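Content type CSV, C-alpha atoms, from the file model00.csv:
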```
chain,number,residue,atom,x,y,z
A,1,MET,CA,-22.9,19.0,-19.9
A,2,THR,CA,-22.5,17.1,-23.2
A,3,ASN,CA,-20.5,13.9,-23.4
A,4,ARG,CA,-17.7,15.8,-25.3
A,5,GLU,CA,-17.5,18.3,-22.5
A,6,LYS,CA,-17.5,15.5,-19.9
A,7,LEU,CA,-14.7,13.7,-21.7
A,8,GLN,CA,-12.7,16.9,-22.0
A,9,LYS,CA,-13.0,17.6,-18.3
A,10,LEU,CA,-12.1,14.0,-17.5
A,11,ILE,CA,-9.0,14.0,-19.6
A,12,GLN,CA,-7.9,17.3,-18.1
A,13,ASP,CA,-8.5,16.0,-14.5
A,14,VAL,CA,-6.9,12.6,-15.1
A,15,PHE,CA,-3.7,13.9,-16.8
A,16,LEU,CA,-3.6,17.3,-14.9
A,17,LEU,CA,-3.8,19.3,-18.1
A,18,ASP,CA,-4.7,23.0,-18.5
A,19,PRO,CA,-7.7,23.6,-20.8
A,20,SER,CA,-5.3,25.1,-23.4
A,21,GLU,CA,-3.4,21.8,-23.5
A,22,PHE,CA,-6.4,19.8,-24.4
A,23,SER,CA,-7.7,18.8,-27.9
A,24,PHE,CA,-9.8,15.9,-29.2
A,25,ASP,CA,-6.8,15.0,-31.4
A,26,LEU,CA,-4.5,14.8,-28.4
A,27,PRO,CA,-2.2,11.7,-28.7
A,28,ARG,CA,-1.1,9.8,-25.7
A,29,SER,CA,2.5,10.4,-26.7
A,30,ALA,CA,2.1,14.1,-26.1
A,31,VAL,CA,1.0,13.7,-22.5
A,32,GLU,CA,3.7,13.2,-20.0
A,33,THR,CA,1.3,11.9,-17.3
A,34,TRP,CA,-0.3,9.3,-19.6
A,35,ASP,CA,1.9,6.6,-18.3
A,36,SER,CA,0.8,3.2,-16.9
A,37,PHE,CA,-0.6,4.9,-13.8
A,38,GLY,CA,-2.5,7.3,-16.0
A,39,VAL,CA,-3.9,4.3,-17.9
A,40,VAL,CA,-5.4,3.0,-14.6
A,41,SER,CA,-6.6,6.4,-13.6
A,42,LEU,CA,-8.2,6.9,-17.0
A,43,ALA,CA,-10.0,3.6,-16.8
A,44,VAL,CA,-11.3,4.5,-13.3
A,45,GLY,CA,-12.5,7.9,-14.6
A,46,VAL,CA,-14.2,6.5,-17.7
A,47,GLN,CA,-16.1,4.0,-15.5
A,48,GLN,CA,-17.2,6.8,-13.1
A,49,THR,CA,-18.1,9.2,-15.8
A,50,PHE,CA,-19.6,7.0,-18.6
A,51,GLY,CA,-20.4,3.8,-16.7
A,52,TYR,CA,-18.3,1.7,-19.0
A,53,HIS,CA,-15.5,-0.4,-17.6
A,54,LEU,CA,-12.6,-0.5,-20.1
A,55,THR,CA,-10.9,-3.8,-20.4
A,56,PRO,CA,-7.1,-3.9,-19.7
A,57,GLU,CA,-6.5,-4.4,-23.5
A,58,GLU,CA,-8.7,-1.4,-24.4
A,59,ALA,CA,-7.2,0.8,-21.8
A,60,ASN,CA,-3.6,-0.1,-22.8
A,61,GLY,CA,-4.4,0.1,-26.5
A,62,ILE,CA,-5.7,3.7,-26.4
A,63,LYS,CA,-3.4,5.9,-28.4
A,64,GLY,CA,-5.2,9.2,-27.9
A,65,VAL,CA,-8.4,10.9,-27.0
A,66,ASN,CA,-10.0,10.0,-30.3
A,67,ASP,CA,-9.6,6.3,-29.4
A,68,ILE,CA,-11.6,6.8,-26.2
A,69,ILE,CA,-14.4,8.3,-28.2
A,70,LYS,CA,-14.4,5.4,-30.7
A,71,ILE,CA,-14.5,2.8,-27.9
A,72,LEU,CA,-17.4,4.5,-26.1
A,73,GLU,CA,-19.3,5.1,-29.3
A,74,CYS,CA,-19.1,1.4,-29.9
A,75,LYS,CA,-20.8,0.9,-26.5
A,76,GLY,CA,-23.7,3.3,-27.6
A,77,ILE,CA,-22.4,6.4,-25.9
A,78,SER,CA,-22.9,9.3,-28.3
A,79,PHE,CA,-20.4,12.1,-28.8
A,80,GLU,CA,-22.4,13.9,-31.5
B,1,MET,CA,18.9,-23.5,4.5
B,2,VAL,CA,16.9,-22.3,7.4
B,3,SER,CA,13.5,-24.0,7.1
B,4,SER,CA,10.2,-22.6,8.1
B,5,SER,CA,8.9,-23.7,11.4
B,6,VAL,CA,5.6,-21.9,10.9
B,7,ARG,CA,3.7,-21.5,7.7
B,8,MET,CA,1.5,-18.5,7.6
B,9,GLY,CA,-1.3,-17.9,5.2
B,10,SER,CA,-1.4,-21.2,3.5
B,11,GLY,CA,-4.1,-23.8,4.0
B,12,ARG,CA,-5.5,-22.0,7.0
B,13,ARG,CA,-9.1,-22.7,7.6
B,14,LEU,CA,-11.3,-19.7,8.3
B,15,GLU,CA,-14.6,-20.1,9.8
B,16,ASN,CA,-17.5,-19.3,7.4
B,17,HIS,CA,-15.0,-18.3,4.8
B,18,ARG,CA,-12.8,-19.8,2.1
B,19,GLU,CA,-10.9,-22.8,2.9
B,20,SER,CA,-7.5,-21.2,2.4
B,21,LEU,CA,-5.7,-18.1,1.4
B,22,MET,CA,-3.8,-17.9,-1.8
B,23,ILE,CA,-1.4,-15.2,-0.6
B,24,ALA,CA,2.2,-16.4,-0.9
B,25,LEU,CA,4.5,-15.3,2.0
B,26,PRO,CA,8.2,-16.1,2.5
B,27,PRO,CA,8.6,-18.9,5.0
B,28,VAL,CA,8.4,-17.9,8.7
B,29,THR,CA,10.5,-18.9,11.6
B,30,THR,CA,11.1,-17.7,15.1
B,31,LEU,CA,14.3,-15.8,16.1
B,32,CYS,CA,15.3,-18.7,18.4
B,33,SER,CA,14.9,-21.2,15.5
B,34,PHE,CA,16.9,-18.9,13.2
B,35,VAL,CA,19.7,-18.6,15.6
B,36,GLU,CA,19.8,-22.3,16.3
B,37,GLN,CA,19.7,-23.4,12.7
B,38,SER,CA,22.0,-20.7,11.4
B,39,SER,CA,24.6,-21.4,14.1
B,40,GLY,CA,24.4,-25.1,13.7
B,41,ARG,CA,24.1,-25.8,10.0
B,42,LEU,CA,25.0,-22.9,7.9
B,43,SER,CA,28.4,-22.0,6.7
B,44,GLY,CA,29.0,-18.4,6.0
B,45,GLU,CA,28.7,-15.2,7.8
B,46,VAL,CA,25.5,-13.9,9.4
B,47,ILE,CA,25.3,-10.1,9.5
B,48,VAL,CA,22.7,-8.5,11.7
B,49,TRP,CA,21.5,-5.0,10.9
B,50,SER,CA,19.3,-3.6,13.6
B,51,THR,CA,17.4,-0.4,14.2
B,52,GLU,CA,19.0,1.6,17.0
B,53,SER,CA,16.0,1.3,19.3
B,54,VAL,CA,16.2,-2.5,19.8
B,55,ALA,CA,19.9,-3.1,19.0
B,56,GLY,CA,20.7,-3.8,22.6
B,57,ARG,CA,18.0,-6.4,23.0
B,58,VAL,CA,19.0,-8.0,19.7
B,59,ARG,CA,22.6,-8.3,20.9
B,60,ALA,CA,21.3,-10.2,23.9
B,61,LEU,CA,19.5,-12.7,21.7
B,62,VAL,CA,21.9,-13.5,18.8
B,63,PRO,CA,25.5,-14.7,18.8
B,64,TRP,CA,26.6,-12.4,16.0
B,65,GLU,CA,27.8,-8.9,15.8
B,66,VAL,CA,25.0,-6.4,15.5
B,67,THR,CA,25.4,-3.2,13.5
B,68,THR,CA,23.1,-0.2,13.4
B,69,GLU,CA,24.6,1.2,10.2
B,70,ALA,CA,24.2,-0.2,6.7
B,71,PRO,CA,26.6,-3.2,6.7
B,72,ALA,CA,29.1,-4.1,4.0
B,73,LEU,CA,28.1,-7.4,2.5
B,74,THR,CA,30.9,-9.6,1.2
B,75,ARG,CA,31.3,-12.9,-0.7
B,76,SER,CA,31.4,-14.8,2.6
B,77,THR,CA,28.1,-13.3,3.8
B,78,ALA,CA,25.4,-16.0,3.8
B,79,TRP,CA,22.6,-14.2,5.6
B,80,LEU,CA,21.6,-10.6,6.3
B,81,LEU,CA,19.2,-10.5,9.3
B,82,ALA,CA,17.5,-7.1,9.2
B,83,VAL,CA,15.7,-6.1,12.4
B,84,GLY,CA,13.5,-3.0,12.4
B,85,GLY,CA,10.5,-1.2,11.0
B,86,GLY,CA,9.6,-0.7,7.4
B,87,THR,CA,12.2,1.9,6.7
B,88,LEU,CA,15.1,-0.3,7.8
B,89,LEU,CA,13.7,-3.4,6.2
B,90,ASP,CA,13.2,-1.6,2.9
B,91,LYS,CA,16.8,-0.4,3.0
B,92,ALA,CA,18.0,-3.9,3.7
B,93,LYS,CA,15.9,-5.3,0.8
B,94,VAL,CA,17.6,-2.8,-1.6
B,95,LEU,CA,21.1,-3.5,-0.2
B,96,ARG,CA,20.6,-7.3,-0.5
B,97,SER,CA,19.4,-6.8,-4.1
B,98,HIS,CA,22.9,-5.8,-5.0
B,99,HIS,CA,24.2,-9.1,-3.5
B,100,PRO,CA,22.0,-11.8,-4.8
B,101,HIS,CA,24.1,-14.6,-3.1
B,102,VAL,CA,23.1,-13.2,0.3
B,103,ASN,CA,19.9,-14.5,1.9
B,104,LEU,CA,17.7,-11.9,3.6
B,105,ALA,CA,15.9,-12.6,6.8
B,106,ALA,CA,13.5,-9.8,7.8
B,107,LEU,CA,12.4,-9.4,11.4
B,108,PRO,CA,9.8,-6.7,11.8
B,109,THR,CA,9.8,-5.1,15.2
B,110,LEU,CA,6.2,-3.9,14.7
B,111,TRP,CA,3.5,-4.8,12.2
B,112,GLY,CA,2.0,-2.4,9.8
B,113,SER,CA,4.5,-1.8,6.9
B,114,GLY,CA,4.4,-5.4,5.8
B,115,ALA,CA,7.9,-4.8,4.4
B,116,GLU,CA,8.9,-8.3,5.4
B,117,ALA,CA,6.4,-9.8,3.1
B,118,SER,CA,6.5,-7.8,-0.1
B,119,PRO,CA,8.7,-7.3,-3.1
B,120,ILE,CA,8.4,-3.6,-2.8
B,121,ALA,CA,10.7,-1.1,-1.2
B,122,VAL,CA,9.7,2.5,-0.5
B,123,LEU,CA,12.8,4.7,-0.2
B,124,ASN,CA,13.2,8.3,0.8
B,125,GLU,CA,15.4,10.1,-1.8
B,126,ASP,CA,15.9,13.8,-1.3
B,127,GLY,CA,12.6,14.1,0.6
B,128,ARG,CA,10.7,12.2,-2.2
B,129,LYS,CA,9.2,8.8,-1.8
B,130,VAL,CA,10.6,6.4,-4.5
B,131,ILE,CA,8.9,3.0,-4.9
B,132,ARG,CA,10.9,0.1,-6.2
B,133,THR,CA,9.5,-3.3,-7.0
B,134,GLY,CA,11.0,-6.6,-8.1
B,135,PRO,CA,11.3,-10.2,-7.0
B,136,GLU,CA,14.9,-9.5,-5.8
B,137,LEU,CA,13.4,-7.3,-3.1
B,138,LEU,CA,11.4,-10.1,-1.5
B,139,PRO,CA,13.0,-11.4,1.7
B,140,ASN,CA,13.9,-15.1,1.8
B,141,LEU,CA,12.6,-15.6,5.3
B,142,ILE,CA,10.4,-13.8,7.8
B,143,VAL,CA,11.8,-14.0,11.4
B,144,SER,CA,9.2,-13.6,14.1
B,145,HIS,CA,9.9,-12.1,17.6
B,146,PRO,CA,6.7,-10.3,18.7
B,147,ALA,CA,8.2,-9.4,22.0
B,148,PHE,CA,9.9,-6.3,20.5
B,149,ALA,CA,6.4,-4.7,20.0
B,150,HIS,CA,5.4,-5.3,23.7
B,151,SER,CA,7.0,-2.2,25.1
B,152,LEU,CA,5.9,0.2,22.4
B,153,PRO,CA,3.5,3.1,23.3
B,154,ASP,CA,-0.1,2.4,22.6
B,155,LYS,CA,-0.4,5.1,20.0
B,156,PHE,CA,2.4,3.5,17.9
B,157,ILE,CA,0.6,0.2,18.1
B,158,LYS,CA,-2.6,1.8,17.0
B,159,TYR,CA,-0.9,3.5,14.1
B,160,ALA,CA,0.5,0.2,13.1
B,161,CYS,CA,-3.0,-1.3,13.0
B,162,GLY,CA,-4.0,1.6,10.8
B,163,ASP,CA,-1.2,1.0,8.4
B,164,ALA,CA,-2.2,-2.7,8.1
B,165,TRP,CA,-5.8,-1.6,7.6
B,166,SER,CA,-4.8,0.8,4.9
B,167,HIS,CA,-3.0,-1.9,3.0
B,168,ALA,CA,-5.9,-4.3,3.2
B,169,LEU,CA,-8.7,-1.9,2.4
B,170,GLU,CA,-6.9,0.0,-0.4
B,171,GLY,CA,-5.6,-3.2,-1.8
B,172,PHE,CA,-9.1,-4.7,-1.8
B,173,LEU,CA,-10.6,-1.7,-3.6
B,174,SER,CA,-7.7,-1.3,-6.0
B,175,PRO,CA,-8.7,-1.0,-9.7
B,176,LEU,CA,-5.9,-3.4,-10.3
B,177,GLY,CA,-7.5,-6.0,-8.1
B,178,THR,CA,-8.8,-9.3,-9.3
B,179,ASP,CA,-11.6,-11.6,-7.9
B,180,GLU,CA,-8.8,-13.7,-6.3
B,181,SER,CA,-7.0,-10.8,-4.7
B,182,ARG,CA,-10.3,-9.5,-3.3
B,183,ALA,CA,-11.3,-12.9,-2.0
B,184,ASP,CA,-7.9,-13.1,-0.2
B,185,LEU,CA,-8.0,-9.6,1.2
B,186,ALA,CA,-11.6,-10.1,2.3
B,187,ASP,CA,-10.5,-13.0,4.4
B,188,VAL,CA,-7.7,-10.9,5.9
B,189,LEU,CA,-10.1,-8.0,6.5
B,190,ARG,CA,-12.6,-10.2,8.3
B,191,ARG,CA,-9.9,-11.5,10.6
B,192,MET,CA,-8.6,-7.9,11.2
B,193,LEU,CA,-12.1,-6.9,12.2
B,194,GLN,CA,-11.9,-9.5,15.0
B,195,GLN,CA,-8.7,-7.9,16.4
B,196,PRO,CA,-8.5,-5.1,18.9
B,197,LEU,CA,-6.5,-2.0,17.8
B,198,GLY,CA,-3.9,-3.0,20.3
B,199,TYR,CA,-1.1,-5.5,20.8
B,200,THR,CA,-1.9,-9.1,19.7
B,201,PRO,CA,0.7,-11.3,17.9
B,202,GLU,CA,-1.9,-12.1,15.2
B,203,TRP,CA,-1.3,-8.6,13.8
B,204,PHE,CA,2.1,-9.6,12.5
B,205,GLU,CA,0.6,-12.3,10.4
B,206,LEU,CA,-2.4,-10.2,9.3
B,207,SER,CA,-0.2,-7.3,8.4
B,208,ALA,CA,2.1,-9.5,6.3
B,209,LEU,CA,-0.8,-11.1,4.5
B,210,ALA,CA,-2.4,-7.7,3.8
B,211,CYS,CA,0.9,-6.3,2.4
B,212,ALA,CA,1.7,-9.3,0.3
B,213,ALA,CA,-1.8,-9.4,-1.2
B,214,GLN,CA,-1.8,-5.6,-1.8
B,215,SER,CA,1.6,-5.7,-3.5
B,216,LYS,CA,-0.1,-7.5,-6.4
B,217,THR,CA,-2.7,-4.7,-6.7
B,218,SER,CA,-2.1,-1.2,-5.5
B,219,VAL,CA,-2.9,1.2,-2.7
B,220,GLY,CA,-4.8,4.4,-3.0
B,221,VAL,CA,-5.1,8.0,-2.0
B,222,ALA,CA,-4.5,7.5,1.8
B,223,HIS,CA,-1.1,6.2,0.8
B,224,GLY,CA,-0.7,8.9,-1.8
B,225,ILE,CA,-1.3,11.6,0.8
B,226,ALA,CA,0.9,9.8,3.4
B,227,HIS,CA,3.8,9.6,1.0
B,228,VAL,CA,3.7,13.3,0.2
B,229,LEU,CA,3.1,14.6,3.7
B,230,GLU,CA,5.7,12.4,5.5
B,231,GLY,CA,8.2,14.2,3.3
B,232,VAL,CA,7.1,17.6,4.5
B,233,MET,CA,5.9,16.9,8.1
B,234,SER,CA,7.7,15.0,10.8
B,235,TRP,CA,4.9,12.5,11.0
B,236,GLY,CA,5.4,8.8,10.3
B,237,HIS,CA,3.8,6.9,7.4
B,238,ALA,CA,1.6,4.7,9.7
B,239,ARG,CA,0.3,7.7,11.6
B,240,LEU,CA,-0.7,9.6,8.4
B,241,CYS,CA,-2.3,6.5,6.9
B,242,SER,CA,-4.3,5.9,10.1
B,243,HIS,CA,-5.7,9.5,10.1
B,244,TYR,CA,-6.4,9.6,6.4
B,245,LEU,CA,-8.1,6.2,6.0
B,246,LEU,CA,-11.5,7.5,7.2
B,247,PRO,CA,-11.6,10.4,4.8
B,248,ALA,CA,-10.2,8.4,2.0
B,249,MET,CA,-12.8,5.6,2.4
B,250,SER,CA,-15.6,8.1,2.8
B,251,PHE,CA,-14.5,9.6,-0.5
B,252,ASN,CA,-14.4,6.1,-2.1
B,253,LYS,CA,-17.7,5.1,-0.7
B,254,ALA,CA,-19.3,8.2,-2.3
B,255,ASN,CA,-17.5,7.8,-5.6
B,256,SER,CA,-16.1,4.4,-6.4
B,257,PRO,CA,-18.1,1.7,-8.2
B,258,LYS,CA,-15.9,-0.8,-6.3
B,259,TRP,CA,-17.2,0.1,-2.9
B,260,PRO,CA,-20.2,-2.3,-2.9
B,261,LEU,CA,-17.8,-5.2,-3.3
B,262,LEU,CA,-16.9,-4.9,0.4
B,263,ALA,CA,-20.4,-5.6,1.6
B,264,ALA,CA,-20.7,-8.3,-1.0
B,265,SER,CA,-17.7,-9.9,0.6
B,266,GLY,CA,-19.2,-9.9,4.1
B,267,LEU,CA,-17.7,-6.7,5.1
B,268,PRO,CA,-20.5,-4.3,6.0
B,269,ASP,CA,-20.1,-0.5,5.9
B,270,ASN,CA,-21.0,0.0,9.6
B,271,ALA,CA,-18.3,-2.4,10.8
B,272,ILE,CA,-15.7,-0.8,8.5
B,273,PHE,CA,-16.5,2.7,9.4
B,274,MET,CA,-16.8,2.0,13.2
B,275,LEU,CA,-13.2,0.8,13.0
B,276,LEU,CA,-12.0,3.8,10.8
B,277,HIS,CA,-13.6,6.2,13.2
B,278,THR,CA,-11.6,4.7,16.0
B,279,LEU,CA,-8.4,5.2,14.0
B,280,PHE,CA,-9.3,8.8,13.1
B,281,ASP,CA,-8.1,11.8,15.2
B,282,ASN,CA,-9.9,15.0,14.2
B,283,GLU,CA,-7.4,17.3,15.9
B,284,ALA,CA,-4.4,15.6,14.3
B,285,TYR,CA,-6.2,15.5,11.0
B,286,LEU,CA,-6.8,19.3,11.1
B,287,ALA,CA,-3.2,19.8,11.8
B,288,THR,CA,-2.2,18.2,8.5
B,289,LEU,CA,-4.5,20.2,6.3
B,290,PRO,CA,-2.3,23.2,5.7
B,291,ALA,CA,0.5,20.8,4.4
B,292,LEU,CA,-2.1,18.9,2.4
B,293,THR,CA,-3.3,22.1,0.8
B,294,SER,CA,0.1,23.4,-0.2
B,295,ASN,CA,1.2,19.9,-1.5
B,296,TRP,CA,-2.0,18.9,-3.3
B,297,SER,CA,-0.5,19.0,-6.7
B,298,LYS,CA,2.1,16.5,-5.5
B,299,VAL,CA,-0.6,14.3,-4.1
B,300,LEU,CA,-2.4,14.3,-7.4
B,301,ARG,CA,0.8,13.1,-9.2
B,302,ASP,CA,1.6,10.4,-6.6
B,303,LYS,CA,1.4,6.9,-8.1
B,304,CYS,CA,-0.8,5.6,-5.3
B,305,THR,CA,-3.3,8.4,-5.7
B,306,ARG,CA,-3.5,7.6,-9.4
B,307,THR,CA,-4.5,4.0,-8.6
B,308,ASN,CA,-7.2,5.0,-6.2
B,309,PRO,CA,-10.5,3.2,-6.9
B,310,ALA,CA,-12.2,6.6,-7.3
B,311,LEU,CA,-10.6,9.3,-9.5
B,312,ILE,CA,-9.0,12.0,-7.4
B,313,ARG,CA,-9.5,15.3,-9.3
B,314,PRO,CA,-7.9,18.7,-8.5
B,315,GLN,CA,-11.2,20.0,-7.0
B,316,ASP,CA,-11.4,17.1,-4.6
B,317,LEU,CA,-9.0,18.9,-2.2
B,318,GLU,CA,-12.1,20.6,-0.9
B,319,PHE,CA,-13.6,17.2,0.1
B,320,PHE,CA,-10.5,16.5,2.3
B,321,THR,CA,-10.1,20.0,3.8
B,322,SER,CA,-13.8,20.1,4.7
B,323,PHE,CA,-14.0,16.6,6.0
B,324,ARG,CA,-14.9,16.1,9.7
B,325,ALA,CA,-15.7,12.9,11.5
```
As structure tokens, please, write out the structure in this file.
Amino acid sequence: MTNREKLQKLIQDVFLLDPSEFSFDLPRSAVETWDSFGVVSLAVGVQQTFGYHLTPEEANGIKGVNDIIKILECKGISFE
Amino acid sequence: MVSSSVRMGSGRRLENHRESLMIALPPVTTLCSFVEQSSGRLSGEVIVWSTESVAGRVRALVPWEVTTEAPALTRSTAWLLAVGGGTLLDKAKVLRSHHPHVNLAALPTLWGSGAEASPIAVLNEDGRKVIRTGPELLPNLIVSHPAFAHSLPDKFIKYACGDAWSHALEGFLSPLGTDESRADLADVLRRMLQQPLGYTPEWFELSALACAAQSKTSVGVAHGIAHVLEGVMSWGHARLCSHYLLPAMSFNKANSPKWPLLAASGLPDNAIFMLLHTLFDNEAYLATLPALTSNWSKVLRDKCTRTNPALIRPQDLEFFTSFRA
């Protein structure tokens, strides 16, 4: 499984989305379950899946799926 | 003001562990001291709201009228003394929050919920658990009268221990935990390991400390499942937490990067799991699985599930339905 596929599965599982609801351009504002609890759950899932522990500032500052990719790419995790 | 005759959780030396806990609790007094000091020094009315099961015994111990229904608080009300389990104490906390001039004294008849020590109230609204938090919900005083727990059946005492264990363990592992909260909860957990799963007065203090510390972090999937199932089954919160703590911790051990922090804090896996196996009842657990299966989507959306230290995914239902001790 590629990192893009892993991230897609993670986002679907964390925010309880159908595959049809997912896109890599998905903004936080479009996801009802991306609330403060979703932020915590996302941080837990990112650590489990990619081994990177998001700081509270990073986790709270994420505005959409693309921001997660940017943060993880900065940590050397490739999404090519 | 009624002063504290006993301070819990501050400056207590624990052998081989940290010098003191940083967990803040409301002051604690005995029921006798509360009655003496309230009768002698306080002006204003004291209203006693008791759960039905102990109302007769409360009437024999206090000089005030005791009601088993939600009381009307007035301008002349100085204290509301709430006597009961977590459900009644949480209702009293919310009632008092609408009357900030009233002091709330919380007397838990059994440990486990820790409602007397936290600024959290869990309410049942139309079969749904609604969690409220805020400083206005924290009682002003904890009133201690452990004798109420003496006559309770052993199984309720054991469930209460399980409830306290679930607060302490899930709070320790919470992704919202800090080094400080984990150090505090590790102290509490080590002391809990030394207690039997039966009546000892120490459980009141340990349960209050666990809940107060956990209220600054979060709980996890054992609570998430309990909150959903207690709305659809006739089982109490403490019973469900007791039975789900072993599968929840087994899941966390396999999946959460936080799990090794327990051993690093002097809490080895074998000691923890030996205790959790004692709380677990395989037959009772199996009886809950149909309700768990049909309500899994609600469990996934529960706030506590979403702050579990390991991500709970839709497909993880299989872990819980296939779990056996």
* To do: Please report as a list in words which residues of chain A come no farther than 8 Å from chain B, using all atoms listed in the file.
  =>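 In the required form, that comes to Asp13, Val14, Leu16, Phe37, Gly38, Val40, Ser41, Val44, Gly45, Gln47 and Gln48 of chain A.
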* Measure the distance from CA of Val83 (chain B) to CA of Thr67 (chain B) in Å and round it to one decimal. =>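 CA of Thr67 (chain B) lies at a distance of 10.2 Å from CA of Val83 (chain B).
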* Residues within 9 Å of region 59-72 of chain A, all atoms listed in the file, excluding chain neighbours under 2 positions, as a PyMOL selection string -> chain A and resi 4+7-8+11+23-30+36+39-40+42-43+46+50+52+54-57+74-79
What's the 9 Å shell around Ala291 (chain B), counting all atoms listed in the file, without same-chain residues fewer than 5 positions away, as a PDB file with C-alpha atoms, in the frame of the given file?
```
ATOM      1  CA  LEU B 229       3.100  14.600   3.700  1.00  0.00           C
ATOM      2  CA  VAL B 232       7.100  17.600   4.500  1.00  0.00           C
ATOM      3  CA  MET B 233       5.900  16.900   8.100  1.00  0.00           C
ATOM      4  CA  TRP B 296      -2.000  18.900  -3.300  1.00  0.00           C
TER       5      TRP B 296
END
```
* Asked: Do you know which residues are at most 8 Å from region 123-136 of chain B counting all atoms listed in the file, after dropping those on the same chain fewer than 6 positions away, and could you put them as a VMD selection string?
  -> chain B and resid 87 90 to 91 93 97 100 227 to 228 231 to 232
* Quick one: everything within 8 Å of Arg96 (chain B), counting all atoms listed in the file, minus sequence neighbours fewer than 5 positions away in the same chain. Send it as JSON, numbers by chain. => {"B": [80, 102, 103, 104, 137]}
* Pick from B:Pro196, B:Pro247, B:Pro71, B:Pro26, whichever lies nearest to Phe323 (chain B) using only C-alpha atoms ->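 Of the candidates, the smallest distance to Phe323 (chain B) is held by B:Pro247.
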* Using only C-alpha atoms, which of B:Val48, B:Ala248, B:Leu240, B:Val94 sits nearest Tyr159 (chain B)? ->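 Among the listed residues, B:Leu240 lies closest to Tyr159 (chain B).
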* Asked: With all atoms listed in the file as the atoms that count, which of B:Ser242, B:Asn270, B:Thr321, B:Thr51 lies nearest to Ala164 (chain B)?
  -> B:Ser242
* To do: Considering all atoms listed in the file, state which residue in the set B:Ala149, B:Val122, B:Ile23, B:Ile272 is at the smallest distance from Thr200 (chain B).
  =>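 Going through B:Ala149, B:Val122, B:Ile23, B:Ile272 one by one, the smallest distance to Thr200 (chain B) is for B:Ala149.
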* Pick out the residues sitting within 10 Å of Glu80 (chain A), and hand them over as an MDAnalysis selection string; count all atoms listed in the file, and ignore anything fewer than 4 positions along from it in its own chain. => chainID A and resid 2:4 73
Keeping only C-alpha atoms, write those residues as a PDB file, keeping the file's coordinate frame.
```
ATOM      1  CA  THR A   2     -22.500  17.100 -23.200  1.00  0.00           C
ATOM      2  CA  ASN A   3     -20.500  13.900 -23.400  1.00  0.00           C
ATOM      3  CA  ARG A   4     -17.700  15.800 -25.300  1.00  0.00           C
ATOM      4  CA  GLU A  73     -19.300   5.100 -29.300  1.00  0.00           C
TER       5      GLU A  73
END
```
* May I ask for the distance between CA of Gly114 (chain B) and CA of Ser76 (chain B), given in Å to one decimal place? => 28.8 Å
Missing atoms in region 218-226 of chain B should be modelled up to N, CA, C and O atoms and reported as a CSV table (one decimal), in the coordinates of the input.
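Final output, saved to selection_21.csv:
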```
chain,number,residue,atom,x,y,z
B,218,SER,N,-2.6,-2.5,-5.7
B,218,SER,CA,-2.1,-1.2,-5.5
B,218,SER,C,-2.7,-0.7,-4.3
B,218,SER,O,-3.6,-1.3,-3.7
B,219,VAL,N,-2.2,0.5,-3.8
B,219,VAL,CA,-2.9,1.2,-2.7
B,219,VAL,C,-3.5,2.5,-3.3
B,219,VAL,O,-3.4,2.7,-4.6
B,220,GLY,N,-4.1,3.3,-2.5
B,220,GLY,CA,-4.8,4.4,-3.0
B,220,GLY,C,-4.4,5.8,-2.4
B,220,GLY,O,-3.3,6.0,-2.0
B,221,VAL,N,-5.4,6.6,-2.3
B,221,VAL,CA,-5.1,8.0,-2.0
B,221,VAL,C,-4.7,8.2,-0.5
B,221,VAL,O,-3.9,9.1,-0.2
B,222,ALA,N,-5.1,7.3,0.4
B,222,ALA,CA,-4.5,7.5,1.8
B,222,ALA,C,-3.0,7.3,1.7
B,222,ALA,O,-2.3,8.1,2.4
B,223,HIS,N,-2.5,6.4,1.0
B,223,HIS,CA,-1.1,6.2,0.8
B,223,HIS,C,-0.5,7.3,0.0
B,223,HIS,O,0.6,7.8,0.3
B,224,GLY,N,-1.2,7.8,-1.0
B,224,GLY,CA,-0.7,8.9,-1.8
B,224,GLY,C,-0.4,10.1,-0.9
B,224,GLY,O,0.6,10.8,-1.0
B,225,ILE,N,-1.4,10.4,-0.1
B,225,ILE,CA,-1.3,11.6,0.8
B,225,ILE,C,-0.2,11.3,1.8
B,225,ILE,O,0.7,12.2,2.1
B,226,ALA,N,-0.1,10.2,2.4
B,226,ALA,CA,0.9,9.8,3.4
B,226,ALA,C,2.3,10.0,2.8
B,226,ALA,O,3.2,10.6,3.4
```
